$ cat final13.cif   # mmCIF, N, CA and C atoms
data_my_file
#
loop_
_atom_site.group_PDB
_atom_site.id
_atom_site.type_symbol
_atom_site.label_atom_id
_atom_site.label_comp_id
_atom_site.auth_asym_id
_atom_site.auth_seq_id
_atom_site.Cartn_x
_atom_site.Cartn_y
_atom_site.Cartn_z
ATOM 1 N N MET A 1 319.627 116.222 138.587
ATOM 2 C CA MET A 1 319.434 117.153 137.490
ATOM 3 C C MET A 1 319.177 118.540 138.076
ATOM 4 N N ALA A 2 319.896 119.519 137.637
ATOM 5 C CA ALA A 2 319.772 120.879 138.164
ATOM 6 C C ALA A 2 318.535 121.562 137.589
ATOM 7 N N ASP A 3 317.974 122.460 138.386
ATOM 8 C CA ASP A 3 316.842 123.250 137.904
ATOM 9 C C ASP A 3 317.312 124.164 136.791
ATOM 10 N N SER A 4 316.427 124.405 135.832
ATOM 11 C CA SER A 4 316.796 125.328 134.758
ATOM 12 C C SER A 4 316.854 126.739 135.323
ATOM 13 N N PRO A 5 317.802 127.536 134.868
ATOM 14 C CA PRO A 5 317.957 128.888 135.410
ATOM 15 C C PRO A 5 316.761 129.759 135.054
ATOM 16 N N VAL A 6 316.447 130.671 135.956
ATOM 17 C CA VAL A 6 315.371 131.620 135.708
ATOM 18 C C VAL A 6 315.874 132.645 134.709
ATOM 19 N N PRO A 7 315.134 132.873 133.609
ATOM 20 C CA PRO A 7 315.619 133.825 132.612
ATOM 21 C C PRO A 7 315.636 135.249 133.166
ATOM 22 N N ALA A 8 316.552 136.046 132.638
ATOM 23 C CA ALA A 8 316.577 137.466 132.999
ATOM 24 C C ALA A 8 315.270 138.075 132.531
ATOM 25 N N PRO A 9 314.768 139.090 133.227
ATOM 26 C CA PRO A 9 313.508 139.702 132.795
ATOM 27 C C PRO A 9 313.598 140.160 131.340
ATOM 28 N N LEU A 10 312.609 139.769 130.567
ATOM 29 C CA LEU A 10 312.546 140.142 129.160
ATOM 30 C C LEU A 10 312.009 141.559 129.050
ATOM 31 N N ASP A 11 312.695 142.395 128.295
ATOM 32 C CA ASP A 11 312.253 143.769 128.095
ATOM 33 C C ASP A 11 311.260 143.794 126.933
ATOM 34 N N PHE A 12 309.978 143.789 127.251
ATOM 35 C CA PHE A 12 308.936 143.760 126.231
ATOM 36 C C PHE A 12 308.947 145.023 125.365
ATOM 37 N N LEU A 13 309.558 146.100 125.848
ATOM 38 C CA LEU A 13 309.630 147.336 125.065
ATOM 39 C C LEU A 13 310.717 147.293 123.999
ATOM 40 N N ASN A 14 311.727 146.464 124.195
ATOM 41 C CA ASN A 14 312.868 146.417 123.271
ATOM 42 C C ASN A 14 313.125 144.998 122.787
ATOM 43 N N LEU A 15 312.124 144.383 122.186
ATOM 44 C CA LEU A 15 312.261 143.025 121.677
ATOM 45 C C LEU A 15 313.054 143.025 120.374
ATOM 46 N N PRO A 16 313.843 141.988 120.139
ATOM 47 C CA PRO A 16 314.499 141.884 118.833
ATOM 48 C C PRO A 16 313.447 141.563 117.777
ATOM 49 N N SER A 17 313.734 141.834 116.518
ATOM 50 C CA SER A 17 312.767 141.527 115.468
ATOM 51 C C SER A 17 312.676 140.022 115.240
ATOM 52 N N ARG A 18 313.749 139.308 115.556
ATOM 53 C CA ARG A 18 313.733 137.848 115.478
ATOM 54 C C ARG A 18 314.874 137.305 116.299
ATOM 55 N N GLY A 19 314.758 136.037 116.659
ATOM 56 C CA GLY A 19 315.798 135.394 117.441
ATOM 57 C C GLY A 19 315.216 134.712 118.664
ATOM 58 N N TYR A 20 316.073 134.016 119.391
ATOM 59 C CA TYR A 20 315.656 133.270 120.572
ATOM 60 C C TYR A 20 315.451 134.221 121.744
ATOM 61 N N VAL A 21 314.315 134.110 122.412
ATOM 62 C CA VAL A 21 314.050 134.883 123.623
ATOM 63 C C VAL A 21 313.427 133.967 124.675
ATOM 64 N N ALA A 22 313.592 134.348 125.914
ATOM 65 C CA ALA A 22 312.990 133.636 127.033
ATOM 66 C C ALA A 22 312.538 134.671 128.040
ATOM 67 N N GLY A 23 311.437 134.426 128.682
ATOM 68 C CA GLY A 23 310.943 135.379 129.667
ATOM 69 C C GLY A 23 309.766 134.842 130.430
ATOM 70 N N GLU A 24 309.177 135.723 131.216
ATOM 71 C CA GLU A 24 307.991 135.408 131.999
ATOM 72 C C GLU A 24 306.982 136.519 131.786
ATOM 73 N N GLY A 25 305.736 136.176 131.927
ATOM 74 C CA GLY A 25 304.702 137.183 131.794
ATOM 75 C C GLY A 25 303.342 136.643 132.192
ATOM 76 N N VAL A 26 302.352 137.477 131.998
ATOM 77 C CA VAL A 26 300.967 137.142 132.333
ATOM 78 C C VAL A 26 300.169 137.092 131.045
ATOM 79 N N ILE A 27 299.362 136.054 130.902
ATOM 80 C CA ILE A 27 298.501 135.940 129.733
ATOM 81 C C ILE A 27 297.429 137.016 129.815
ATOM 82 N N ARG A 28 297.385 137.864 128.804
ATOM 83 C CA ARG A 28 296.391 138.940 128.711
ATOM 84 C C ARG A 28 295.084 138.412 128.133
ATOM 85 N N SER A 29 295.185 137.581 127.088
ATOM 86 C CA SER A 29 293.988 137.043 126.441
ATOM 87 C C SER A 29 294.338 135.771 125.692
ATOM 88 N N VAL A 30 293.329 134.961 125.407
ATOM 89 C CA VAL A 30 293.501 133.759 124.590
ATOM 90 C C VAL A 30 292.493 133.812 123.451
ATOM 91 N N THR A 31 292.823 133.130 122.356
ATOM 92 C CA THR A 31 291.950 133.102 121.186
ATOM 93 C C THR A 31 291.724 131.657 120.776
ATOM 94 N N PHE A 32 290.476 131.309 120.613
ATOM 95 C CA PHE A 32 290.108 129.990 120.125
ATOM 96 C C PHE A 32 289.675 130.145 118.681
ATOM 97 N N VAL A 33 290.043 129.193 117.827
ATOM 98 C CA VAL A 33 289.659 129.279 116.424
ATOM 99 C C VAL A 33 288.479 128.364 116.150
ATOM 100 N N SER A 34 287.794 128.652 115.077
ATOM 101 C CA SER A 34 286.646 127.876 114.642
ATOM 102 C C SER A 34 287.078 126.449 114.306
ATOM 103 N N PRO A 35 286.221 125.471 114.581
ATOM 104 C CA PRO A 35 286.566 124.086 114.226
ATOM 105 C C PRO A 35 286.733 123.867 112.725
ATOM 106 N N SER A 36 286.302 124.818 111.905
ATOM 107 C CA SER A 36 286.387 124.650 110.456
ATOM 108 C C SER A 36 287.768 124.994 109.893
ATOM 109 N N VAL A 37 288.672 125.514 110.716
ATOM 110 C CA VAL A 37 290.028 125.830 110.262
ATOM 111 C C VAL A 37 291.032 124.943 111.001
ATOM 112 N N ALA A 38 292.268 124.929 110.517
ATOM 113 C CA ALA A 38 293.310 124.121 111.162
ATOM 114 C C ALA A 38 293.442 124.532 112.624
ATOM 115 N N PRO A 39 293.551 123.571 113.535
ATOM 116 C CA PRO A 39 293.604 123.905 114.956
ATOM 117 C C PRO A 39 294.856 124.701 115.331
ATOM 118 N N SER A 40 294.643 125.721 116.127
ATOM 119 C CA SER A 40 295.731 126.481 116.734
ATOM 120 C C SER A 40 295.174 127.172 117.966
ATOM 121 N N PHE A 41 296.042 127.397 118.919
ATOM 122 C CA PHE A 41 295.662 128.064 120.158
ATOM 123 C C PHE A 41 296.598 129.248 120.319
ATOM 124 N N SER A 42 296.060 130.409 120.592
ATOM 125 C CA SER A 42 296.843 131.636 120.636
ATOM 126 C C SER A 42 296.626 132.355 121.964
ATOM 127 N N ALA A 43 297.704 132.890 122.506
ATOM 128 C CA ALA A 43 297.632 133.674 123.739
ATOM 129 C C ALA A 43 298.520 134.900 123.592
ATOM 130 N N VAL A 44 298.073 136.005 124.164
ATOM 131 C CA VAL A 44 298.869 137.234 124.181
ATOM 132 C C VAL A 44 299.421 137.374 125.592
ATOM 133 N N ILE A 45 300.752 137.519 125.681
ATOM 134 C CA ILE A 45 301.414 137.604 126.975
ATOM 135 C C ILE A 45 302.137 138.935 127.097
ATOM 136 N N GLU A 46 302.077 139.504 128.298
ATOM 137 C CA GLU A 46 302.772 140.760 128.565
ATOM 138 C C GLU A 46 303.542 140.640 129.865
ATOM 139 N N SER A 47 304.397 141.588 130.115
ATOM 140 C CA SER A 47 305.198 141.598 131.326
ATOM 141 C C SER A 47 304.292 141.579 132.555
ATOM 142 N N ALA A 48 304.690 140.791 133.555
ATOM 143 C CA ALA A 48 303.906 140.705 134.784
ATOM 144 C C ALA A 48 303.890 142.028 135.544
ATOM 145 N N ASP A 49 304.891 142.874 135.312
ATOM 146 C CA ASP A 49 304.945 144.159 136.012
ATOM 147 C C ASP A 49 304.695 145.325 135.057
ATOM 148 N N ALA A 50 303.841 145.103 134.065
ATOM 149 C CA ALA A 50 303.528 146.150 133.083
ATOM 150 C C ALA A 50 302.950 147.379 133.774
ATOM 151 N N ALA A 51 303.403 148.550 133.350
ATOM 152 C CA ALA A 51 302.922 149.797 133.932
ATOM 153 C C ALA A 51 301.425 149.984 133.669
ATOM 154 N N ARG A 52 300.980 149.568 132.495
ATOM 155 C CA ARG A 52 299.563 149.683 132.132
ATOM 156 C C ARG A 52 299.063 148.315 131.692
ATOM 157 N N PRO A 53 298.704 147.430 132.635
ATOM 158 C CA PRO A 53 298.276 146.083 132.261
ATOM 159 C C PRO A 53 297.172 146.107 131.207
ATOM 160 N N GLY A 54 297.356 145.258 130.201
ATOM 161 C CA GLY A 54 296.375 145.182 129.132
ATOM 162 C C GLY A 54 296.590 146.164 128.009
ATOM 163 N N ARG A 55 297.540 147.077 128.172
ATOM 164 C CA ARG A 55 297.772 148.103 127.142
ATOM 165 C C ARG A 55 299.219 148.232 126.732
ATOM 166 N N GLY A 56 300.091 147.490 127.388
ATOM 167 C CA GLY A 56 301.514 147.612 127.088
ATOM 168 C C GLY A 56 301.936 146.678 125.974
ATOM 169 N N PRO A 57 303.231 146.652 125.684
ATOM 170 C CA PRO A 57 303.753 145.768 124.649
ATOM 171 C C PRO A 57 303.560 144.304 125.051
ATOM 172 N N ALA A 58 303.360 143.451 124.069
ATOM 173 C CA ALA A 58 303.073 142.047 124.335
ATOM 174 C C ALA A 58 303.607 141.185 123.203
ATOM 175 N N ILE A 59 303.603 139.879 123.437
ATOM 176 C CA ILE A 59 304.011 138.886 122.446
ATOM 177 C C ILE A 59 302.844 137.924 122.254
ATOM 178 N N ARG A 60 302.588 137.547 121.002
ATOM 179 C CA ARG A 60 301.574 136.532 120.725
ATOM 180 C C ARG A 60 302.268 135.175 120.681
ATOM 181 N N LEU A 61 301.766 134.233 121.489
ATOM 182 C CA LEU A 61 302.251 132.859 121.491
ATOM 183 C C LEU A 61 301.222 132.015 120.753
ATOM 184 N N ILE A 62 301.669 131.212 119.791
ATOM 185 C CA ILE A 62 300.752 130.386 119.006
ATOM 186 C C ILE A 62 301.226 128.940 119.041
ATOM 187 N N TRP A 63 300.334 128.065 119.471
ATOM 188 C CA TRP A 63 300.602 126.638 119.451
ATOM 189 C C TRP A 63 299.804 126.038 118.302
ATOM 190 N N LEU A 64 300.496 125.527 117.289
ATOM 191 C CA LEU A 64 299.839 124.933 116.136
ATOM 192 C C LEU A 64 299.401 123.510 116.473
ATOM 193 N N GLY A 65 298.249 123.110 115.958
ATOM 194 C CA GLY A 65 297.744 121.762 116.176
ATOM 195 C C GLY A 65 297.062 121.566 117.512
ATOM 196 N N ARG A 66 296.857 122.627 118.267
ATOM 197 C CA ARG A 66 296.202 122.539 119.577
ATOM 198 C C ARG A 66 294.969 123.431 119.563
ATOM 199 N N GLN A 67 293.876 122.951 120.129
ATOM 200 C CA GLN A 67 292.684 123.785 120.238
ATOM 201 C C GLN A 67 292.623 124.477 121.583
ATOM 202 N N GLN A 68 293.289 123.915 122.571
ATOM 203 C CA GLN A 68 293.399 124.536 123.881
ATOM 204 C C GLN A 68 294.569 123.901 124.616
ATOM 205 N N ILE A 69 295.004 124.556 125.675
ATOM 206 C CA ILE A 69 296.053 124.012 126.526
ATOM 207 C C ILE A 69 295.548 124.127 127.959
ATOM 208 N N PRO A 70 295.320 123.001 128.609
ATOM 209 C CA PRO A 70 294.820 123.044 129.982
ATOM 210 C C PRO A 70 295.731 123.886 130.880
ATOM 211 N N GLY A 71 295.129 124.750 131.655
ATOM 212 C CA GLY A 71 295.879 125.595 132.585
ATOM 213 C C GLY A 71 296.257 126.948 132.034
ATOM 214 N N ILE A 72 296.156 127.138 130.721
ATOM 215 C CA ILE A 72 296.504 128.433 130.148
ATOM 216 C C ILE A 72 295.228 129.197 129.821
ATOM 217 N N GLY A 73 295.079 130.318 130.474
ATOM 218 C CA GLY A 73 293.936 131.199 130.264
ATOM 219 C C GLY A 73 294.322 132.600 130.677
ATOM 220 N N ALA A 74 293.384 133.513 130.589
ATOM 221 C CA ALA A 74 293.656 134.896 130.986
ATOM 222 C C ALA A 74 294.138 134.930 132.430
ATOM 223 N N SER A 75 295.163 135.705 132.685
ATOM 224 C CA SER A 75 295.809 135.954 133.979
ATOM 225 C C SER A 75 296.732 134.826 134.445
ATOM 226 N N THR A 76 296.998 133.824 133.607
ATOM 227 C CA THR A 76 297.943 132.773 133.957
ATOM 228 C C THR A 76 299.362 133.328 133.886
ATOM 229 N N LEU A 77 300.156 133.042 134.906
ATOM 230 C CA LEU A 77 301.562 133.430 134.919
ATOM 231 C C LEU A 77 302.343 132.326 134.218
ATOM 232 N N LEU A 78 303.155 132.703 133.227
ATOM 233 C CA LEU A 78 303.793 131.726 132.352
ATOM 234 C C LEU A 78 305.250 132.079 132.107
ATOM 235 N N ARG A 79 306.123 131.079 132.140
ATOM 236 C CA ARG A 79 307.509 131.226 131.699
ATOM 237 C C ARG A 79 307.556 130.616 130.304
ATOM 238 N N PHE A 80 308.196 131.271 129.352
ATOM 239 C CA PHE A 80 308.182 130.805 127.970
ATOM 240 C C PHE A 80 309.537 131.042 127.306
ATOM 241 N N SER A 81 309.780 130.279 126.239
ATOM 242 C CA SER A 81 310.999 130.483 125.459
ATOM 243 C C SER A 81 310.780 129.932 124.058
ATOM 244 N N GLY A 82 311.511 130.503 123.105
ATOM 245 C CA GLY A 82 311.425 130.049 121.725
ATOM 246 C C GLY A 82 311.932 131.113 120.772
ATOM 247 N N MET A 83 311.732 130.836 119.492
ATOM 248 C CA MET A 83 312.183 131.753 118.442
ATOM 249 C C MET A 83 311.126 132.816 118.189
ATOM 250 N N LEU A 84 311.523 134.049 118.302
ATOM 251 C CA LEU A 84 310.620 135.177 118.090
ATOM 252 C C LEU A 84 310.672 135.593 116.625
ATOM 253 N N SER A 85 309.524 135.877 116.063
ATOM 254 C CA SER A 85 309.432 136.397 114.702
ATOM 255 C C SER A 85 308.375 137.496 114.709
ATOM 256 N N THR A 86 308.071 138.013 113.549
ATOM 257 C CA THR A 86 307.043 139.042 113.439
ATOM 258 C C THR A 86 305.986 138.551 112.464
ATOM 259 N N ARG A 87 304.730 138.632 112.871
ATOM 260 C CA ARG A 87 303.608 138.238 112.018
ATOM 261 C C ARG A 87 302.593 139.366 112.054
ATOM 262 N N HIS A 88 302.265 139.915 110.901
ATOM 263 C CA HIS A 88 301.325 141.037 110.799
ATOM 264 C C HIS A 88 301.764 142.195 111.699
ATOM 265 N N GLY A 89 303.076 142.429 111.775
ATOM 266 C CA GLY A 89 303.610 143.534 112.564
ATOM 267 C C GLY A 89 303.609 143.304 114.064
ATOM 268 N N GLU A 90 303.317 142.095 114.496
ATOM 269 C CA GLU A 90 303.211 141.780 115.921
ATOM 270 C C GLU A 90 304.267 140.739 116.299
ATOM 271 N N PRO A 91 304.998 140.948 117.410
ATOM 272 C CA PRO A 91 305.953 139.928 117.854
ATOM 273 C C PRO A 91 305.202 138.621 118.112
ATOM 274 N N THR A 92 305.690 137.535 117.509
ATOM 275 C CA THR A 92 304.988 136.250 117.568
ATOM 276 C C THR A 92 305.975 135.120 117.780
ATOM 277 N N MET A 93 305.558 134.134 118.566
ATOM 278 C CA MET A 93 306.365 132.954 118.823
ATOM 279 C C MET A 93 305.489 131.730 118.566
ATOM 280 N N TYR A 94 305.975 130.818 117.716
ATOM 281 C CA TYR A 94 305.235 129.599 117.410
ATOM 282 C C TYR A 94 305.743 128.436 118.250
ATOM 283 N N ASN A 95 304.805 127.667 118.779
ATOM 284 C CA ASN A 95 305.083 126.461 119.561
ATOM 285 C C ASN A 95 306.177 126.679 120.615
ATOM 286 N N PRO A 96 306.003 127.689 121.459
ATOM 287 C CA PRO A 96 307.033 127.952 122.468
ATOM 288 C C PRO A 96 307.058 126.876 123.549
ATOM 289 N N ARG A 97 308.210 126.718 124.148
ATOM 290 C CA ARG A 97 308.286 125.930 125.381
ATOM 291 C C ARG A 97 307.633 126.795 126.456
ATOM 292 N N TYR A 98 306.991 126.167 127.416
ATOM 293 C CA TYR A 98 306.336 126.963 128.454
ATOM 294 C C TYR A 98 306.281 126.205 129.762
ATOM 295 N N GLU A 99 306.130 126.963 130.826
ATOM 296 C CA GLU A 99 305.954 126.424 132.164
ATOM 297 C C GLU A 99 304.933 127.309 132.870
ATOM 298 N N ILE A 100 303.874 126.713 133.342
ATOM 299 C CA ILE A 100 302.867 127.456 134.089
ATOM 300 C C ILE A 100 303.411 127.657 135.505
ATOM 301 N N LEU A 101 303.438 128.909 135.949
ATOM 302 C CA LEU A 101 303.984 129.242 137.257
ATOM 303 C C LEU A 101 302.865 129.446 138.271
ATOM 304 N N ALA A 102 303.147 129.090 139.506
ATOM 305 C CA ALA A 102 302.178 129.282 140.578
ATOM 306 C C ALA A 102 302.115 130.761 140.939
ATOM 307 N N LYS A 103 300.925 131.231 141.238
ATOM 308 C CA LYS A 103 300.772 132.622 141.673
ATOM 309 C C LYS A 103 301.087 132.701 143.161
ATOM 310 N N GLU A 104 301.776 133.770 143.523
ATOM 311 C CA GLU A 104 302.097 133.981 144.938
ATOM 312 C C GLU A 104 300.872 134.526 145.640
ATOM 313 N N ASP A 105 300.702 134.118 146.882
ATOM 314 C CA ASP A 105 299.540 134.601 147.667
ATOM 315 C C ASP A 105 299.733 136.011 148.131
#
$ encode --input "final13.cif" --output "structure tokens"
Amino acid sequence: MADSPVPAPLDFLNLPSRGYVAGEGVIRSVTFVSPSVAPSFSAVIESADAARPGRGPAIRLIWLGRQQIPGIGASTLLRFSGMLSTRHGEPTMYNPRYEILAKED
């Protein structure tokens, strides 16, 4: 079985309003929800080579039905893909495919 191809760098500045996208980035932050609401786990991801880390364009990834995902936290390098949409004016992807990438030394 051949390795899946590495996606072309995703241009976080020029995202489509909707459609399939694939890319890599660094998790900027994660959000945990209260146990009193339906479980979901949310992470904000931005380009690994952002000119202004923490302040540039980003995508919100939301996994429904999950309270956490082992290995995903702030500063995790992640490859992701899925259907991009807009929620509250923010680029958002629900239940994306993902691969946690090793950090280079």
$ closest_residue --input "final13.cif" --among "A:Ile69, A:Leu61, A:Leu15, A:Ile45" --to "A:Met93" --atoms "all atoms listed in the file"
A:Leu61
$ resolve_selection --input "final13.cif" --expression "the PyMOL selection byres ((chain A and resi 80) around 6)" --output "PyMOL selection string"
chain A and resi 21-24+78-79+81-82+97-99
$ closest_residue --input "final13.cif" --among "A:Ala74, A:Ile59, A:Leu101, A:Ala51" --to "A:Ile27" --atoms "only N, CA and C atoms"
A:Ala74
$ resolve_selection --input "final13.cif" --expression "the PyMOL selection byres ((chain A and resi 19) around 6)" --output "count of residues only"
9
$ atom_distance --input "final13.cif" --atom1 "atom CA of A:Gly73" --atom2 "atom CA of A:Ser29"
7.0 Å
$ residues_near_point --input "final13.cif" --point "(291.6, 134.8, 119.3)" --cutoff "8 Å" --atoms "all atoms listed in the file" --output "PyMOL selection string"
chain A and resi 29-33+41-43
$ closest_residue --input "final13.cif" --among "A:Thr86, A:Asn14, A:Ala38, A:Arg28" --to "A:Arg55" --atoms "only C-alpha atoms"
A:Arg28
$ atom_distance --input "final13.cif" --atom1 "atom CA of A:Pro57" --atom2 "atom CA of A:Pro39"
26.0 Å
$ atom_distance --input "final13.cif" --atom1 "atom CA of A:Asp11" --atom2 "atom CA of A:Ser47"
8.1 Å
